[in-house]
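Engineer: The structure is given below, and queries will be raised subsequently.
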Amino acid sequence: MPSLKTIVINLLRRLDHFVDDLRFALVKVSGVGKDLPVKIATYRGFGRRDFLFLQGRVLVKKRLRNSPINTVLQNLINSYRRFESDEIPNAVLRVCIEDHQFELITDREGYFTLSAPLDPPLELNNDDPWQSVHITLLKTPWTEELNLETSTTVMFPPEESTLGIISDLDDTIIETGVASLFKWRAFYNTLFKSIHRRKLFDEVAAFFRALRRGYDDQGFLPLFYVSNSPRNIYDLVAGYLKVHSMPKAPVLLRDIGFPYKIHSRKDMNHKMESIIRIFDTYPEKRFILIGDNAEKDPYIYHEIDQRYPGRVAAIYIRDVQKSRPLQRLKKFVAQESGHQIQMFTSYRQLATMCAEAHFLDWDYFQELCQSQHKWKLSLPVFPK
């Protein structure tokens, strides 16, 4: 017999589908859909010479005002427009990369996913791990021959790099407040704060830039940001990382609809499934996993280590000092970690640990810290 939670979710899913079907039936019958502004929300992809993974979404375009001087009310209006999205199902798109073309159709939540082999393999430039992908929206259920074009980038790491990095975002890189009571700080920071007013952990950008270069200037180590934050705030997250000079990387967020569209395996959450996809895409690489103990990162990373023996180079967990009872997680770390899970409280401490493990160059990290300090002093100060 299904649980009460399953029954409630199924009811909400059916209600959500009914409302969407009714809304788009009215749009199609009335003909107003022809005048709706449409956009293709693109997310950075990743792949190999012979494989490509890319996701995106087709939505009704809504005006967002992203400014350092936004008021609290303006930020709240932006948040409402992000979460009250009008997705467009059954839209037809064409994705092109070099001589390869793919035709995709969005699902009922407006998402499209491309996970496909590339034959023949791409001719990649080892000096630039990023490749442009062109996306054309061909038509919607009510508009023929639309031909709306956009592009995004896909990361193709050098095949000779044998190490990669996967990091959480919330309370690992971005101070979010997930561990606060009822997650109120997380909701407040997401709904009311702009990217210019979010706090950056000390030396975090310098650490990740040094780590991505590797020890003894290895060139380019692939980096992935994996988070349970909703994809509705993708532009906020990407903007935050850019403003604070974090390394460019794919950002894998989750769908918050009914059901979770990319969450295809019932026994896994979004983060677990995303990490498994990365591991399976690059079977020759070992990965450094970075997260925090505000939620489930130690459990997830430990299970990944069990699923892929020898593939996890190290697990680093940021200790959230002011979180509510986390003794169970700390006990788990102490019992299950062995030499694999290591706790840290600051990124200088973590940089020391990674330098000792020959994951990054300490002198280069110091140089980045000094230049980052000068850069921060030159930034304008915005009111809180």
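Residue numbering restarts at 1 for every chain of the structure tokens, chains are lettered A, B, ... in their displayed order, and ligands are numbered from 1 as they appear.
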Using only C-alpha atoms, which protein or nucleic acid residues come within 7 Å of Leu253 (chain A)? Drop anything in the same chain fewer than 3 positions from it, and give the result as number ranges by chain.

Structural biologist: A: 226-231

Engineer: How would the residues just picked look written out with N, CA, C and O atoms as a tab-separated table (two decimals), in the first residue's frame?

Structural biologist:
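File produced: selection_26.tsv:
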```tsv
chain	number	residue	atom	x	y	z
A	226	VAL	N	27.53	20.78	-8.18
A	226	VAL	CA	26.32	19.98	-8.07
A	226	VAL	C	25.57	20.40	-6.83
A	226	VAL	O	26.12	20.41	-5.72
A	227	SER	N	24.30	20.76	-6.98
A	227	SER	CA	23.54	21.32	-5.85
A	227	SER	C	22.09	20.89	-5.93
A	227	SER	O	21.56	20.62	-7.02
A	228	ASN	N	21.43	20.86	-4.77
A	228	ASN	CA	19.99	20.61	-4.72
A	228	ASN	C	19.17	21.89	-4.85
A	228	ASN	O	17.95	21.86	-4.69
A	229	SER	N	19.83	23.01	-5.12
A	229	SER	CA	19.08	24.24	-5.39
A	229	SER	C	18.26	24.07	-6.66
A	229	SER	O	18.66	23.34	-7.58
A	230	PRO	N	17.11	24.74	-6.75
A	230	PRO	CA	16.26	24.59	-7.94
A	230	PRO	C	16.83	25.30	-9.16
A	230	PRO	O	17.48	26.33	-9.05
A	231	ARG	N	16.56	24.73	-10.33
A	231	ARG	CA	17.05	25.33	-11.57
A	231	ARG	C	16.38	26.67	-11.87
A	231	ARG	O	16.86	27.43	-12.72
```

Engineer: For region 156-172 of chain A, find every residue with an atom within 6 Å (counting only C-alpha atoms), except residues of its own chain fewer than 4 positions away, and show them as a PyMOL selection string.

Structural biologist: chain A and resi 46-48+129+176+221-227+285-292

Engineer: At what distance in Å, to one decimal, does CA of Ser245 (chain A) lie from CA of Ile278 (chain A)?

Structural biologist: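 CA of Ser245 (chain A) lies at a distance of 23.7 Å from CA of Ile278 (chain A).
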
Engineer: Ranking A:Thr352, A:Thr143, A:Gln306, A:Thr281 by minimum distance to Arg49 (chain A) and counting only C-alpha atoms, which one comes first?

Structural biologist: A:Thr281

Engineer: Would you kindly return, as a VMD selection string, each protein, DNA or RNA residue with an atom no farther than 9 Å from any atom of Val95 (chain A), considering only C-alpha atoms and excluding same-chain residues fewer than 4 positions away?

Structural biologist: chain A and resid 100 to 104 114 133 to 137

Engineer: Can those selected residues be exported to a file as a PDB file, in the first residue's frame so that it contains N, CA, C and O atoms?

Structural biologist:
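Contents of the output file part25.pdb:
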```pdb
ATOM      1  N   HIS A 100      27.457  17.698 -36.137  1.00  0.00           N
ATOM      2  CA  HIS A 100      26.418  16.869 -35.531  1.00  0.00           C
ATOM      3  C   HIS A 100      25.150  17.697 -35.303  1.00  0.00           C
ATOM      4  O   HIS A 100      25.218  18.828 -34.813  1.00  0.00           O
ATOM      5  N   GLN A 101      23.991  17.139 -35.647  1.00  0.00           N
ATOM      6  CA  GLN A 101      22.706  17.778 -35.415  1.00  0.00           C
ATOM      7  C   GLN A 101      21.764  16.808 -34.704  1.00  0.00           C
ATOM      8  O   GLN A 101      21.743  15.620 -35.008  1.00  0.00           O
ATOM      9  N   PHE A 102      21.006  17.368 -33.753  1.00  0.00           N
ATOM     10  CA  PHE A 102      20.041  16.574 -33.011  1.00  0.00           C
ATOM     11  C   PHE A 102      18.736  17.361 -32.936  1.00  0.00           C
ATOM     12  O   PHE A 102      18.744  18.575 -32.755  1.00  0.00           O
ATOM     13  N   GLU A 103      17.613  16.650 -33.076  1.00  0.00           N
ATOM     14  CA  GLU A 103      16.299  17.281 -32.914  1.00  0.00           C
ATOM     15  C   GLU A 103      15.670  16.770 -31.618  1.00  0.00           C
ATOM     16  O   GLU A 103      15.602  15.564 -31.391  1.00  0.00           O
ATOM     17  N   LEU A 104      15.220  17.701 -30.785  1.00  0.00           N
ATOM     18  CA  LEU A 104      14.688  17.367 -29.464  1.00  0.00           C
ATOM     19  C   LEU A 104      13.299  17.959 -29.299  1.00  0.00           C
ATOM     20  O   LEU A 104      12.946  18.949 -29.956  1.00  0.00           O
ATOM     21  N   LEU A 114      19.733  16.201 -23.850  1.00  0.00           N
ATOM     22  CA  LEU A 114      20.482  15.532 -24.902  1.00  0.00           C
ATOM     23  C   LEU A 114      21.596  14.726 -24.256  1.00  0.00           C
ATOM     24  O   LEU A 114      22.509  15.282 -23.643  1.00  0.00           O
ATOM     25  N   VAL A 133      27.882  25.308 -28.499  1.00  0.00           N
ATOM     26  CA  VAL A 133      26.767  24.517 -29.019  1.00  0.00           C
ATOM     27  C   VAL A 133      25.657  25.486 -29.409  1.00  0.00           C
ATOM     28  O   VAL A 133      25.285  26.360 -28.613  1.00  0.00           O
ATOM     29  N   HIS A 134      25.135  25.341 -30.615  1.00  0.00           N
ATOM     30  CA  HIS A 134      24.084  26.234 -31.109  1.00  0.00           C
ATOM     31  C   HIS A 134      22.727  25.540 -30.990  1.00  0.00           C
ATOM     32  O   HIS A 134      22.574  24.380 -31.370  1.00  0.00           O
ATOM     33  N   ILE A 135      21.762  26.278 -30.460  1.00  0.00           N
ATOM     34  CA  ILE A 135      20.427  25.731 -30.219  1.00  0.00           C
ATOM     35  C   ILE A 135      19.409  26.612 -30.934  1.00  0.00           C
ATOM     36  O   ILE A 135      19.426  27.845 -30.789  1.00  0.00           O
ATOM     37  N   THR A 136      18.518  25.987 -31.694  1.00  0.00           N
ATOM     38  CA  THR A 136      17.476  26.712 -32.420  1.00  0.00           C
ATOM     39  C   THR A 136      16.114  26.170 -32.008  1.00  0.00           C
ATOM     40  O   THR A 136      15.880  24.955 -32.080  1.00  0.00           O
ATOM     41  N   LEU A 137      15.242  27.068 -31.557  1.00  0.00           N
ATOM     42  CA  LEU A 137      13.857  26.691 -31.275  1.00  0.00           C
ATOM     43  C   LEU A 137      13.079  26.787 -32.583  1.00  0.00           C
ATOM     44  O   LEU A 137      12.877  27.877 -33.125  1.00  0.00           O
TER      45      LEU A 137
END
```

Engineer: Could you check the closest approach to Thr113 (chain A) for each of A:Ser274, A:Ser371, A:Gln55, A:Asn293 and tell me which residue wins, using only C-alpha atoms?

Structural biologist: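 Smallest separation from Thr113 (chain A) among the options: A:Gln55.
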
Engineer: Nearest residue to Gly214 (chain A) out of A:Met272, A:Leu146, A:Ala357, A:Val38, using only C-alpha atoms?

Structural biologist: A:Ala357

Engineer: For Asp217 (chain A), which of A:Phe365, A:Arg57, A:Glu203, A:Leu36 is the closest residue, counting only C-alpha atoms?

Structural biologist: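 Going through A:Phe365, A:Arg57, A:Glu203, A:Leu36 one by one, the smallest distance to Asp217 (chain A) is for A:Phe365.
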
Engineer: Which residue, A:Asp50, A:Asp361, A:Asp235, A:Asp128, has the smallest gap to Met155 (chain A) when you use only C-alpha atoms?

Structural biologist: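 Result for the nearest residue to Met155 (chain A): A:Asp128.
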
Engineer: One decimal, in Å: what's the spacing between CA of Ala206 (chain A) and CA of Pro247 (chain A)?

Structural biologist: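 CA of Pro247 (chain A) lies at a distance of 9.3 Å from CA of Ala206 (chain A).
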
Engineer: Applying 9 Å and only C-alpha atoms, which residues near Val204 (chain A) remain after dropping the ones on its own chain fewer than 4 positions away? List them as a PDB file with N, CA, C and O atoms, in the first residue's frame.

Structural biologist:
```pdb
ATOM      1  N   ILE A 173      30.192  26.633  -0.873  1.00  0.00           N
ATOM      2  CA  ILE A 173      30.753  27.795  -1.563  1.00  0.00           C
ATOM      3  C   ILE A 173      29.930  29.043  -1.268  1.00  0.00           C
ATOM      4  O   ILE A 173      30.465  30.090  -0.931  1.00  0.00           O
ATOM      5  N   LEU A 200      30.534  35.740   0.372  1.00  0.00           N
ATOM      6  CA  LEU A 200      31.487  34.791  -0.184  1.00  0.00           C
ATOM      7  C   LEU A 200      32.394  34.291   0.932  1.00  0.00           C
ATOM      8  O   LEU A 200      32.917  35.083   1.712  1.00  0.00           O
ATOM      9  N   PHE A 208      39.561  27.302  -5.326  1.00  0.00           N
ATOM     10  CA  PHE A 208      39.076  26.513  -6.457  1.00  0.00           C
ATOM     11  C   PHE A 208      39.855  26.803  -7.737  1.00  0.00           C
ATOM     12  O   PHE A 208      40.027  25.910  -8.576  1.00  0.00           O
ATOM     13  N   ARG A 209      40.336  28.022  -7.895  1.00  0.00           N
ATOM     14  CA  ARG A 209      41.152  28.313  -9.070  1.00  0.00           C
ATOM     15  C   ARG A 209      42.493  27.587  -8.991  1.00  0.00           C
ATOM     16  O   ARG A 209      42.998  27.060  -9.996  1.00  0.00           O
ATOM     17  N   MET A 246      34.685  32.822  -9.448  1.00  0.00           N
ATOM     18  CA  MET A 246      34.796  31.372  -9.331  1.00  0.00           C
ATOM     19  C   MET A 246      35.066  30.769 -10.710  1.00  0.00           C
ATOM     20  O   MET A 246      34.628  31.314 -11.725  1.00  0.00           O
ATOM     21  N   SER A 346      37.903  26.182   7.191  1.00  0.00           N
ATOM     22  CA  SER A 346      38.243  27.332   6.355  1.00  0.00           C
ATOM     23  C   SER A 346      38.917  26.838   5.088  1.00  0.00           C
ATOM     24  O   SER A 346      39.489  25.735   5.047  1.00  0.00           O
ATOM     25  N   TYR A 347      38.877  27.667   4.051  1.00  0.00           N
ATOM     26  CA  TYR A 347      39.481  27.251   2.791  1.00  0.00           C
ATOM     27  C   TYR A 347      40.998  27.349   2.835  1.00  0.00           C
ATOM     28  O   TYR A 347      41.680  26.669   2.046  1.00  0.00           O
ATOM     29  N   ARG A 348      41.558  28.125   3.729  1.00  0.00           N
ATOM     30  CA  ARG A 348      43.007  28.105   3.918  1.00  0.00           C
ATOM     31  C   ARG A 348      43.428  26.767   4.502  1.00  0.00           C
ATOM     32  O   ARG A 348      44.444  26.185   4.093  1.00  0.00           O
TER      33      ARG A 348
END
```

Engineer: So what do you get for CA of Arg108 (chain A) versus CA of Asn90 (chain A), distance-wise?

Structural biologist: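 Distance between the two atoms: 6.9 Å.
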
Engineer: Apply DSSP to the backbone of this structure and, from region 208-316 of chain A, keep only the residues in helix (DSSP H, G or I); write these as a VMD selection string.

Structural biologist: chain A and resid 208 to 213 231 to 243 270 to 281 297 to 307

Engineer: The selected residues should be written to file as a tab-separated table (two decimals), in the first residue's frame (atoms: C-alpha atoms).

Structural biologist:
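Everything below was put into result-v7.tsv:
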```tsv
chain	number	residue	atom	x	y	z
A	208	PHE	CA	39.08	26.51	-6.46
A	209	ARG	CA	41.15	28.31	-9.07
A	210	ALA	CA	44.32	26.82	-7.61
A	211	LEU	CA	42.73	23.38	-7.30
A	212	ARG	CA	41.48	23.42	-10.89
A	213	ARG	CA	45.02	24.15	-12.13
A	231	ARG	CA	17.05	25.33	-11.57
A	232	ASN	CA	14.67	28.30	-11.36
A	233	ILE	CA	17.55	30.25	-9.79
A	234	TYR	CA	20.19	29.09	-12.27
A	235	ASP	CA	20.82	32.65	-13.44
A	236	LEU	CA	21.35	33.77	-9.84
A	237	VAL	CA	23.80	30.96	-9.09
A	238	ALA	CA	25.74	31.40	-12.33
A	239	GLY	CA	25.82	35.17	-11.81
A	240	TYR	CA	27.05	34.78	-8.23
A	241	LEU	CA	29.88	32.48	-9.29
A	242	LYS	CA	30.90	34.88	-12.08
A	243	VAL	CA	30.79	38.01	-9.92
A	270	HIS	CA	19.37	14.57	-7.72
A	271	LYS	CA	22.87	14.99	-6.33
A	272	MET	CA	23.61	11.26	-6.26
A	273	GLU	CA	22.36	10.75	-9.80
A	274	SER	CA	24.33	13.76	-11.11
A	275	ILE	CA	27.57	12.52	-9.56
A	276	ILE	CA	27.03	9.03	-10.96
A	277	ARG	CA	26.47	10.54	-14.42
A	278	ILE	CA	29.78	12.42	-14.13
A	279	PHE	CA	31.65	9.32	-12.93
A	280	ASP	CA	30.21	7.23	-15.78
A	281	THR	CA	31.06	9.91	-18.35
A	297	ASP	CA	26.89	15.26	1.59
A	298	PRO	CA	28.91	12.87	3.82
A	299	TYR	CA	26.37	10.08	3.24
A	300	ILE	CA	26.21	10.67	-0.51
A	301	TYR	CA	29.97	10.90	-0.95
A	302	HIS	CA	30.53	7.81	1.18
A	303	GLU	CA	28.08	5.83	-0.97
A	304	ILE	CA	29.82	7.06	-4.14
A	305	ASP	CA	33.11	5.84	-2.68
A	306	GLN	CA	31.53	2.43	-2.08
A	307	ARG	CA	30.02	2.25	-5.58
```
